[in-house]
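One file, target09.cif, is given below (mmCIF, C-alpha atoms).
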```cif
data_target
#
loop_
_atom_site.label_atom_id
_atom_site.label_comp_id
_atom_site.auth_asym_id
_atom_site.auth_seq_id
_atom_site.Cartn_x
_atom_site.Cartn_y
_atom_site.Cartn_z
CA MET C 31 -3.82 4.27 -17.73
CA LYS C 32 -0.92 2.17 -16.48
CA LEU C 33 2.81 2.31 -16.99
CA LEU C 34 4.77 -0.87 -16.42
CA ARG C 35 8.46 -0.88 -15.65
CA ASN C 36 10.68 -3.96 -15.93
CA PHE C 37 12.82 -3.90 -12.84
CA MET C 38 13.02 -7.41 -11.73
CA GLY C 39 9.81 -5.71 -11.13
CA LEU C 40 7.36 -2.96 -12.10
CA LEU C 41 5.67 0.20 -10.59
CA THR C 42 2.33 1.97 -9.43
CA LEU C 43 1.84 5.68 -9.65
CA MET C 44 -0.83 8.22 -9.41
CA VAL C 45 -0.26 11.89 -8.81
CA LEU C 46 -2.23 15.08 -8.69
CA SER C 47 -2.07 18.87 -8.63
CA LEU C 48 -4.70 21.60 -7.99
CA THR C 49 -6.16 23.38 -4.97
CA ALA C 50 -8.87 22.04 -2.69
CA GLN C 51 -10.58 22.83 0.62
CA ALA C 52 -13.51 20.58 1.60
CA GLN C 53 -14.34 17.61 -0.60
CA THR C 54 -16.46 14.46 -0.38
CA PHE C 55 -15.06 11.32 -2.01
CA GLN C 56 -16.85 8.08 -2.80
CA MET C 57 -14.50 5.23 -1.93
CA TYR C 58 -15.59 1.75 -3.05
CA THR C 59 -13.25 -0.19 -0.78
CA PRO C 60 -12.87 -4.00 -1.05
CA MET C 61 -12.95 -5.97 2.19
CA GLY C 62 -12.94 -9.57 3.36
CA VAL C 63 -15.92 -10.78 5.42
CA PRO C 64 -15.80 -14.14 7.27
CA SER C 65 -18.97 -16.09 7.95
CA PHE C 66 -18.22 -15.88 11.69
CA LEU C 67 -18.23 -12.68 13.77
CA ALA C 68 -15.55 -10.22 12.76
CA LYS C 69 -13.89 -7.04 13.95
CA ILE C 70 -13.71 -4.51 11.12
CA VAL C 71 -11.36 -1.51 11.20
CA PHE C 72 -11.44 1.19 8.52
CA SER C 73 -8.15 3.01 7.88
CA LEU C 74 -7.87 6.38 6.16
CA GLU C 75 -4.83 8.28 4.90
CA VAL C 76 -4.85 11.89 3.75
CA VAL C 77 -1.66 12.77 1.89
CA THR C 78 -1.01 16.50 1.43
CA PRO C 79 2.07 18.47 0.36
CA ALA C 80 2.75 19.18 4.04
CA GLY C 81 2.35 15.69 5.50
CA VAL C 82 0.73 12.27 5.68
CA TYR C 83 -2.13 11.96 8.18
CA THR C 84 -3.84 8.75 9.24
CA GLY C 85 -7.08 7.84 10.98
CA THR C 86 -8.90 4.68 12.04
CA TYR C 87 -12.64 4.15 12.30
CA GLN C 88 -15.15 1.43 13.11
CA SER C 89 -18.87 0.83 12.81
CA HIS C 90 -20.95 1.84 15.81
CA ASN C 91 -21.32 -1.91 16.29
CA SER C 92 -17.71 -3.00 15.76
CA MET C 93 -18.69 -6.61 14.96
CA MET C 94 -20.86 -5.84 11.94
CA LEU C 95 -21.31 -3.40 9.07
CA GLN C 96 -23.80 -0.76 10.12
CA VAL C 97 -25.01 1.99 7.78
CA GLY C 98 -24.22 5.49 9.04
CA ASN C 99 -21.27 7.56 10.18
CA LEU C 100 -18.34 5.48 11.40
CA ASP C 101 -16.99 6.09 14.90
CA LEU C 102 -13.58 7.75 15.01
CA ILE C 103 -10.93 5.75 16.88
CA SER C 104 -7.87 7.88 16.16
CA TRP C 105 -6.64 10.76 13.96
CA ASN C 106 -3.16 12.33 13.93
CA GLY C 107 -3.77 15.29 11.62
CA PRO C 108 -3.12 18.92 12.59
CA SER C 109 -5.84 21.25 13.90
CA SER C 110 -6.09 22.79 10.43
CA ILE C 111 -7.30 19.43 9.06
CA PRO C 112 -9.95 17.94 11.38
CA ALA C 113 -10.62 14.20 11.29
CA PRO C 114 -12.54 13.38 8.08
CA THR C 115 -16.11 12.14 8.35
CA VAL C 116 -16.61 8.61 7.00
CA TYR C 117 -20.15 7.50 6.14
CA LEU C 118 -20.88 3.85 5.31
CA ASP C 119 -23.65 3.93 2.72
CA HIS C 120 -23.96 0.23 1.86
CA SER C 121 -21.96 -2.85 0.86
CA ASP C 122 -22.11 -5.10 -2.20
CA GLY C 123 -20.69 -8.52 -3.00
CA LEU C 124 -17.59 -8.67 -5.21
CA PRO C 125 -15.78 -11.51 -6.99
CA MET C 126 -12.94 -13.01 -4.96
CA SER C 127 -10.47 -11.60 -7.49
CA SER C 128 -11.23 -8.13 -6.10
CA CYS C 129 -9.76 -9.20 -2.74
CA PRO C 130 -6.24 -10.47 -3.57
CA GLY C 131 -5.09 -13.30 -1.31
CA LEU C 132 -8.44 -13.68 0.47
CA SER C 133 -9.09 -17.22 -0.76
CA SER C 134 -6.02 -18.49 1.12
CA VAL C 135 -6.92 -16.90 4.48
CA PRO C 136 -8.15 -19.48 7.03
CA ALA C 137 -11.61 -19.01 8.53
CA THR C 138 -13.44 -20.30 11.58
CA ASP C 139 -16.45 -21.38 9.54
CA ASN C 140 -17.28 -21.60 5.80
CA GLY C 141 -14.54 -19.34 4.46
CA TRP C 142 -14.51 -15.67 3.52
CA ASP C 143 -16.47 -13.53 1.06
CA CYS C 144 -15.32 -10.40 -0.75
CA TYR C 145 -17.42 -7.24 -0.42
CA SER C 146 -17.17 -3.59 -1.39
CA ALA C 147 -17.91 -1.02 1.30
CA ASP C 148 -19.31 2.19 -0.22
CA LEU C 149 -17.67 4.87 1.91
CA LYS C 150 -18.35 8.58 1.58
CA VAL C 151 -15.33 10.41 2.98
CA THR C 152 -15.57 14.16 3.66
CA VAL C 153 -12.30 16.02 4.17
CA THR C 154 -12.45 19.56 5.57
CA GLY C 155 -9.85 22.16 6.46
CA ASP C 156 -6.81 23.46 4.63
CA VAL C 157 -5.10 20.66 2.71
CA GLN C 158 -2.59 23.20 1.34
CA GLY C 159 -3.16 22.66 -2.35
CA CYS C 160 -2.32 19.89 -4.78
CA PRO C 161 -1.06 17.28 -5.07
CA TRP C 162 -3.13 15.57 -2.38
CA LEU C 163 -5.26 12.45 -2.15
CA VAL C 164 -7.34 10.25 0.13
CA SER C 165 -6.72 6.52 0.57
CA SER C 166 -8.94 3.97 2.34
CA GLN C 167 -8.29 0.39 3.44
CA ILE C 168 -10.23 -2.13 5.54
CA THR C 169 -8.80 -4.71 7.96
CA THR C 170 -11.04 -7.59 9.05
CA THR C 171 -10.28 -10.03 11.87
CA ASP C 172 -12.20 -13.30 12.29
CA LYS C 173 -13.24 -13.35 15.96
CA GLY C 174 -13.74 -17.12 16.02
CA ASN C 175 -11.23 -19.79 17.00
CA VAL C 176 -9.04 -19.20 13.94
CA GLY C 177 -8.61 -15.47 14.50
CA ALA C 178 -7.15 -14.78 11.04
CA THR C 179 -6.86 -11.22 9.73
CA TYR C 180 -7.28 -9.97 6.16
CA VAL C 181 -6.05 -6.55 5.04
CA GLY C 182 -7.85 -5.44 1.90
CA PRO C 183 -6.36 -3.46 -0.98
CA LYS C 184 -6.04 0.31 -0.77
CA VAL C 185 -8.35 2.56 -2.76
CA HIS C 186 -7.36 6.11 -3.74
CA ASN C 187 -9.25 9.23 -4.80
CA SER C 188 -8.50 12.92 -5.40
CA VAL C 189 -9.73 16.06 -7.13
CA CYS C 190 -6.23 16.95 -8.33
CA PRO C 191 -5.14 16.42 -11.94
CA SER C 192 -2.81 13.60 -12.90
CA ILE C 193 0.82 13.96 -13.88
CA PRO C 194 2.73 12.04 -16.59
CA LEU C 195 4.33 8.78 -15.52
CA THR C 196 7.00 8.51 -18.18
CA THR C 197 9.78 10.09 -16.09
CA TYR C 198 9.27 7.76 -13.10
CA ASP C 199 11.07 4.48 -12.54
CA VAL C 200 12.28 2.18 -9.78
CA SER C 201 15.84 1.18 -9.00
CA TRP C 202 18.11 -0.92 -6.81
CA ASP C 203 20.46 2.08 -6.62
CA GLU C 204 19.58 5.55 -5.31
CA ASN C 205 22.17 7.19 -7.57
CA THR C 206 21.19 5.73 -10.94
CA VAL C 207 18.41 3.65 -12.49
CA LYS C 208 19.32 0.00 -12.03
CA HIS C 209 16.75 -2.72 -12.75
CA LYS C 210 18.86 -5.76 -11.88
CA LYS C 211 20.93 -6.57 -8.83
CA THR C 212 23.45 -9.38 -8.35
CA LEU C 213 24.11 -10.47 -4.78
CA ASN C 214 27.20 -12.56 -4.02
CA LEU C 215 27.36 -14.17 -0.59
CA GLN C 216 30.02 -16.39 0.96
CA SER C 217 28.67 -19.73 2.22
CA THR C 218 28.84 -20.24 5.99
CA GLY C 219 27.11 -23.60 6.27
CA GLY C 220 24.12 -21.89 7.87
CA ILE C 221 21.60 -19.16 7.14
CA ILE C 222 22.94 -15.99 5.54
CA GLU C 223 20.84 -12.83 5.58
CA ALA C 224 21.29 -9.63 3.58
CA THR C 225 19.10 -6.56 3.06
CA LEU C 226 18.74 -4.65 -0.20
CA SER C 227 16.70 -1.48 -0.75
CA THR C 228 14.63 -0.24 -3.69
CA TYR C 229 14.12 3.40 -4.63
CA LEU C 230 11.70 5.52 -6.62
CA MET C 231 13.41 7.56 -9.33
CA GLU C 232 12.24 10.57 -11.34
CA SER C 233 14.15 11.86 -14.36
CA GLN C 234 17.01 9.47 -13.51
CA LYS C 235 17.37 10.95 -10.00
CA LEU C 236 16.24 9.80 -6.56
CA CYS C 237 12.62 10.70 -5.84
CA ASP C 238 12.94 11.38 -2.12
CA GLY C 239 9.68 11.36 -0.18
CA SER C 240 11.40 12.65 2.95
CA LEU C 241 11.81 16.12 1.40
CA PHE C 242 8.95 18.54 2.05
CA ASP C 243 9.21 20.53 -1.15
CA GLU C 244 7.30 20.33 -4.44
CA ARG C 245 9.36 17.43 -5.75
CA GLY C 246 9.08 15.53 -2.48
CA ALA C 247 5.29 15.99 -2.47
CA ASN C 248 5.04 14.42 -5.92
CA CYS C 249 7.32 11.58 -4.83
CA ARG C 250 5.06 10.76 -1.88
CA PHE C 251 2.01 10.67 -4.13
CA VAL C 252 3.70 8.33 -6.56
CA SER C 253 4.82 6.06 -3.73
CA GLN C 254 1.34 6.01 -2.21
CA MET C 255 -0.05 4.54 -5.43
CA ILE C 256 2.51 1.78 -5.83
CA THR C 257 1.33 -1.81 -5.86
CA PHE C 258 4.11 -4.29 -5.29
CA THR C 259 4.33 -8.04 -5.84
CA ALA C 260 7.16 -10.36 -4.89
CA SER C 261 7.07 -13.45 -7.11
CA GLY C 262 9.62 -15.33 -5.03
CA CYS C 263 12.81 -17.10 -6.03
CA ASP C 264 13.43 -20.12 -8.25
CA ASP C 265 15.39 -21.99 -5.56
CA ALA C 266 13.68 -22.96 -2.31
CA LYS C 267 16.91 -22.33 -0.40
CA VAL C 268 16.49 -18.61 -1.09
CA THR C 269 13.62 -16.61 0.40
CA VAL C 270 12.85 -12.90 0.27
CA THR C 271 10.75 -10.78 2.63
CA PRO C 272 9.78 -7.31 1.37
CA VAL C 273 9.45 -4.69 4.13
CA PRO C 274 7.68 -1.52 2.95
CA HIS C 275 8.93 1.88 4.05
CA PRO C 276 6.63 4.82 4.88
CA ILE C 277 6.14 7.11 1.90
CA THR C 278 8.02 9.78 3.86
CA ASP C 279 11.25 7.75 3.58
CA ARG C 280 13.89 7.69 0.84
CA GLN C 281 13.39 3.96 0.17
CA LEU C 282 10.39 2.09 -1.22
CA HIS C 283 11.15 -1.33 0.29
CA ASP C 284 13.83 -3.21 2.13
CA ILE C 285 14.18 -6.65 0.56
CA VAL C 286 15.44 -9.08 3.20
CA VAL C 287 17.19 -12.02 1.51
CA ARG C 288 17.75 -15.27 3.43
CA VAL C 289 19.91 -18.03 1.95
CA ASP C 290 20.23 -21.54 3.40
CA THR C 291 23.83 -22.60 2.75
CA SER C 292 23.74 -25.73 4.94
CA ALA C 293 24.19 -27.99 1.90
CA LEU C 294 27.56 -26.31 1.21
CA GLN C 295 26.80 -26.28 -2.52
CA PRO C 296 26.75 -23.34 -4.94
CA ILE C 297 23.35 -21.64 -5.22
CA ASP C 298 22.32 -19.70 -8.32
CA SER C 299 18.84 -18.25 -7.89
CA THR C 300 16.80 -15.47 -9.48
CA CYS C 301 14.17 -13.57 -7.48
CA ARG C 302 11.58 -11.42 -9.22
CA PHE C 303 9.57 -8.41 -8.09
CA GLN C 304 6.93 -6.32 -9.78
CA TYR C 305 6.02 -2.67 -9.27
CA VAL C 306 3.04 -1.18 -11.12
CA LEU C 307 2.62 2.58 -11.63
CA ASN C 308 -1.08 3.49 -11.83
CA MET C 309 -2.70 6.80 -12.67
CA PHE C 310 -6.27 8.05 -12.21
#
```
Now that the file is in, can you turn its structure into C-alpha cells?
Amino acid sequence: MKLLRNFMGLLTLMVLSLTAQAQTFQMYTPMGVPSFLAKIVFSLEVVTPAGVYTGTYQSHNSMMLQVGNLDLISWNGPSSIPAPTVYLDHSDGLPMSSCPGLSSVPATDNGWDCYSADLKVTVTGDVQGCPWLVSSQITTTDKGNVGATYVGPKVHNSVCPSIPLTTYDVSWDENTVKHKKTLNLQSTGGIIEATLSTYLMESQKLCDGSLFDERGANCRFVSQMITFTASGCDDAKVTVTPVPHPITDRQLHDIVVRVDTSALQPIDSTCRFQYVLNMF
C-alpha cells in the first residue's frame, strides 16, 4: 500500500508496533556489480524506540560475494543489542530497473549488472518493543581504473504491525503543512545560494524524530521509509542539492538552492520534489 502526497513532492512511510526479542529477517537487497573487481560493503540499520544503531559488514573475501556469514567491520549498538549476524545465502540477477541510477554509473570494463543479495539477518537482545525495524543497503566500489561507487536502494523488514499513513504529510514549514514554497532572491550578478528545509508532519504538527518518546519513535520509523526524488528545476540557471538529515533530526532534508544571476535578468523557475510514503 502506498500513500502519495503532492508537496512539490511526495512521501514514503512504513511504521510498526509490537514486541520482539530475537528475530531472523530475510532481506533481498539490490546491489550493483561491475564486471571488474569490486569492494562490497553491506550496511545495516536497526531502528528501535530507544535509538538508531548501525553496522557494516563484508564478505570474508571483500572483493567477491562469498556464501556464509559476513565479517563484522563495525557496530555501534549498546551491549543489550549485540551486533546482528548477517548470512549471505545466495545472489540472483535482477532487471536494471531494480537498481535505480545504476545504468549511468561509469565502469572500468563492460558496465554494471544488478543483483539481489539474499541476506538472512538475525537480531538478538532487547530491542525494547515496537515500533522497530531492520534496514539493509549495499555499497559497491569498482576497484579498476574508474573507481566509481554505487549505493543500492535500502530494503526494510520488521515483525511489527503497520500504522495508518493518512495523518502523515510533508511540509516546507515546521509549524503548518505547506506544500509549496516561493523563494525571492535579489540578483547580485553572481551565484546566490539559499537553504530551505523540509519536515515530516503528523496530524498537522511537526513529527520530530529527535524526541525519544512514543511519537518520536513513530516519526523515526516513518522517516526511515521515505524515498525522495528531486526532479530538478525548469531553468538551467537554478540548481538544487538535497542533503538528507539523520532520522533523529527535526528536518527531513536541507534543500540547497543555487541561482546563477550573472545574466542580470529576471529568473522564474519551478523546482519539483517527490516524497513517497510506503507501508509494509
Name the closest residue to Asp238 in chain C among the candidates C:Met94, C:Cys190, C:Leu282, C:Leu102; distances are taken between atoms, counting only C-alpha atoms.
->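 Between C:Met94, C:Cys190, C:Leu282, C:Leu102, the residue approaching Asp238 in chain C most closely is C:Leu282.
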Suppose you want the space between CA of Leu230 in chain C and CA of Pro108 in chain C; what is it in Å?
->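 These two atoms are separated by 27.7 Å.
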Polymer residues at most 7 Å from Asp172 in chain C, all atoms listed in the file, same-chain spacing of 6 or more positions, as a list in words =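 The residues satisfying every condition are Pro64, Phe66, Leu67, Ala68, Lys69, Ala137, Ala178 and Thr179 of chain C.
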Residues proximal to (6.8, 16.9, -3.4) were defined as those with any atom within 12 Å of that point in the file's coordinates, counting all atoms listed in the file. Which are they, as a PDB file with C-alpha atoms, in the frame of the given file?
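Contents of result-v3.pdb, as written:
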```pdb
ATOM      1  CA  VAL C  45      -0.260  11.890  -8.810  1.00  0.00           C
ATOM      2  CA  LEU C  46      -2.230  15.080  -8.690  1.00  0.00           C
ATOM      3  CA  SER C  47      -2.070  18.870  -8.630  1.00  0.00           C
ATOM      4  CA  VAL C  77      -1.660  12.770   1.890  1.00  0.00           C
ATOM      5  CA  THR C  78      -1.010  16.500   1.430  1.00  0.00           C
ATOM      6  CA  PRO C  79       2.070  18.470   0.360  1.00  0.00           C
ATOM      7  CA  ALA C  80       2.750  19.180   4.040  1.00  0.00           C
ATOM      8  CA  GLY C  81       2.350  15.690   5.500  1.00  0.00           C
ATOM      9  CA  VAL C  82       0.730  12.270   5.680  1.00  0.00           C
ATOM     10  CA  GLY C 159      -3.160  22.660  -2.350  1.00  0.00           C
ATOM     11  CA  CYS C 160      -2.320  19.890  -4.780  1.00  0.00           C
ATOM     12  CA  PRO C 161      -1.060  17.280  -5.070  1.00  0.00           C
ATOM     13  CA  TRP C 162      -3.130  15.570  -2.380  1.00  0.00           C
ATOM     14  CA  GLU C 232      12.240  10.570 -11.340  1.00  0.00           C
ATOM     15  CA  CYS C 237      12.620  10.700  -5.840  1.00  0.00           C
ATOM     16  CA  ASP C 238      12.940  11.380  -2.120  1.00  0.00           C
ATOM     17  CA  GLY C 239       9.680  11.360  -0.180  1.00  0.00           C
ATOM     18  CA  SER C 240      11.400  12.650   2.950  1.00  0.00           C
ATOM     19  CA  LEU C 241      11.810  16.120   1.400  1.00  0.00           C
ATOM     20  CA  PHE C 242       8.950  18.540   2.050  1.00  0.00           C
ATOM     21  CA  ASP C 243       9.210  20.530  -1.150  1.00  0.00           C
ATOM     22  CA  GLU C 244       7.300  20.330  -4.440  1.00  0.00           C
ATOM     23  CA  ARG C 245       9.360  17.430  -5.750  1.00  0.00           C
ATOM     24  CA  GLY C 246       9.080  15.530  -2.480  1.00  0.00           C
ATOM     25  CA  ALA C 247       5.290  15.990  -2.470  1.00  0.00           C
ATOM     26  CA  ASN C 248       5.040  14.420  -5.920  1.00  0.00           C
ATOM     27  CA  CYS C 249       7.320  11.580  -4.830  1.00  0.00           C
ATOM     28  CA  ARG C 250       5.060  10.760  -1.880  1.00  0.00           C
ATOM     29  CA  PHE C 251       2.010  10.670  -4.130  1.00  0.00           C
ATOM     30  CA  VAL C 252       3.700   8.330  -6.560  1.00  0.00           C
ATOM     31  CA  SER C 253       4.820   6.060  -3.730  1.00  0.00           C
ATOM     32  CA  ILE C 277       6.140   7.110   1.900  1.00  0.00           C
ATOM     33  CA  THR C 278       8.020   9.780   3.860  1.00  0.00           C
TER      34      THR C 278
END
```
Hey, what's within 8 Å of Gly220 in chain C if we count all atoms listed in the file and toss same-chain stuff fewer than 4 positions away? As number ranges by chain, please?
-> C: 290-292
Residue subset to file, keeping C-alpha atoms, as a PDB file, in the coordinates of the input:
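And here's result04.pdb as it stands now:
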```pdb
ATOM      1  CA  ASP C 290      20.230 -21.540   3.400  1.00  0.00           C
ATOM      2  CA  THR C 291      23.830 -22.600   2.750  1.00  0.00           C
ATOM      3  CA  SER C 292      23.740 -25.730   4.940  1.00  0.00           C
TER       4      SER C 292
END
```
Could you state the separation of CA of Trp202 in chain C and CA of Val306 in chain C in Å, given to one decimal place?
->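 Straight-line distance from CA of Trp202 in chain C to CA of Val306 in chain C works out to 15.7 Å.
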re CA of Val157 in chain C and CA of Asn187 in chain C: distance 14.3 Å
Please identify all polymer residues within 8 Å of Pro272 in chain C, counting all atoms listed in the file, omitting same-chain residues fewer than 6 positions from it, and present them as a PyMOL selection string.
-> chain C and resi 260+283-286
Enumerate, as JSON, numbers by chain, the residues matched when the PyMOL selection byres ((chain C and resi 288) around 6) is run on the file above.
-> {"C": [222, 223, 268, 269, 287, 289]}
Taking only C-alpha atoms into account, which of C:Gly262, C:Pro60, C:Pro114, C:Pro136 comes nearest Lys173 in chain C?
->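 That would be C:Pro136, the residue with the smallest distance to Lys173 in chain C.
Checking C:Ile221, C:Leu74, C:Leu307, C:Thr228 one by one against Arg280 in chain C, counting all atoms listed in the file, you find the shortest gap at C:Thr228.
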Using all atoms listed in the file: which of C:Leu213, C:Ile111, C:Met57, C:Leu95 has the shortest distance to Leu149 in chain C |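 Counting all atoms listed in the file, the residue closest to Leu149 in chain C is C:Met57.
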Which polymer residues have any atom within 9 Å of an atom of Pro112 in chain C, counting all atoms listed in the file, with same-chain residues fewer than 4 positions away left out, as a list in words?
->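 Those residues are Trp105, Gly107, Pro108, Val153, Thr154 and Gly155 of chain C.
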Give me a file of those residues, with C-alpha atoms, as a JSON list (two decimals), keeping the file's coordinate frame.
```
[["chain", "number", "residue", "atom", "x", "y", "z"],
["C", 105, "TRP", "CA", -6.64, 10.76, 13.96],
["C", 107, "GLY", "CA", -3.77, 15.29, 11.62],
["C", 108, "PRO", "CA", -3.12, 18.92, 12.59],
["C", 153, "VAL", "CA", -12.30, 16.02, 4.17],
["C", 154, "THR", "CA", -12.45, 19.56, 5.57],
["C", 155, "GLY", "CA", -9.85, 22.16, 6.46]]
```
Using the chain letters and residue numbers of this document, give as a PyMOL selection string the residues selected by the PyMOL selection byres ((chain C and resi 164) around 6).
-> chain C and resi 75-76+163+165+186-187
Give me the result of the PyMOL selection byres ((chain C and resi 150) around 7) on this file, residue by residue, as a ChimeraX atom specification.
-> /C:54-57,116-118,148-149,151-152
For those residues, write C-alpha atoms to a file as a short mmCIF file (atom, residue, chain, number, x, y, z; two decimals), in the frame of the given file.
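The new file out_38.cif reads:
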```cif
data_model
loop_
_atom_site.label_atom_id
_atom_site.label_comp_id
_atom_site.auth_asym_id
_atom_site.auth_seq_id
_atom_site.Cartn_x
_atom_site.Cartn_y
_atom_site.Cartn_z
CA THR C 54 -16.46 14.46 -0.38
CA PHE C 55 -15.06 11.32 -2.01
CA GLN C 56 -16.85 8.08 -2.80
CA MET C 57 -14.50 5.23 -1.93
CA VAL C 116 -16.61 8.61 7.00
CA TYR C 117 -20.15 7.50 6.14
CA LEU C 118 -20.88 3.85 5.31
CA ASP C 148 -19.31 2.19 -0.22
CA LEU C 149 -17.67 4.87 1.91
CA VAL C 151 -15.33 10.41 2.98
CA THR C 152 -15.57 14.16 3.66
#
```
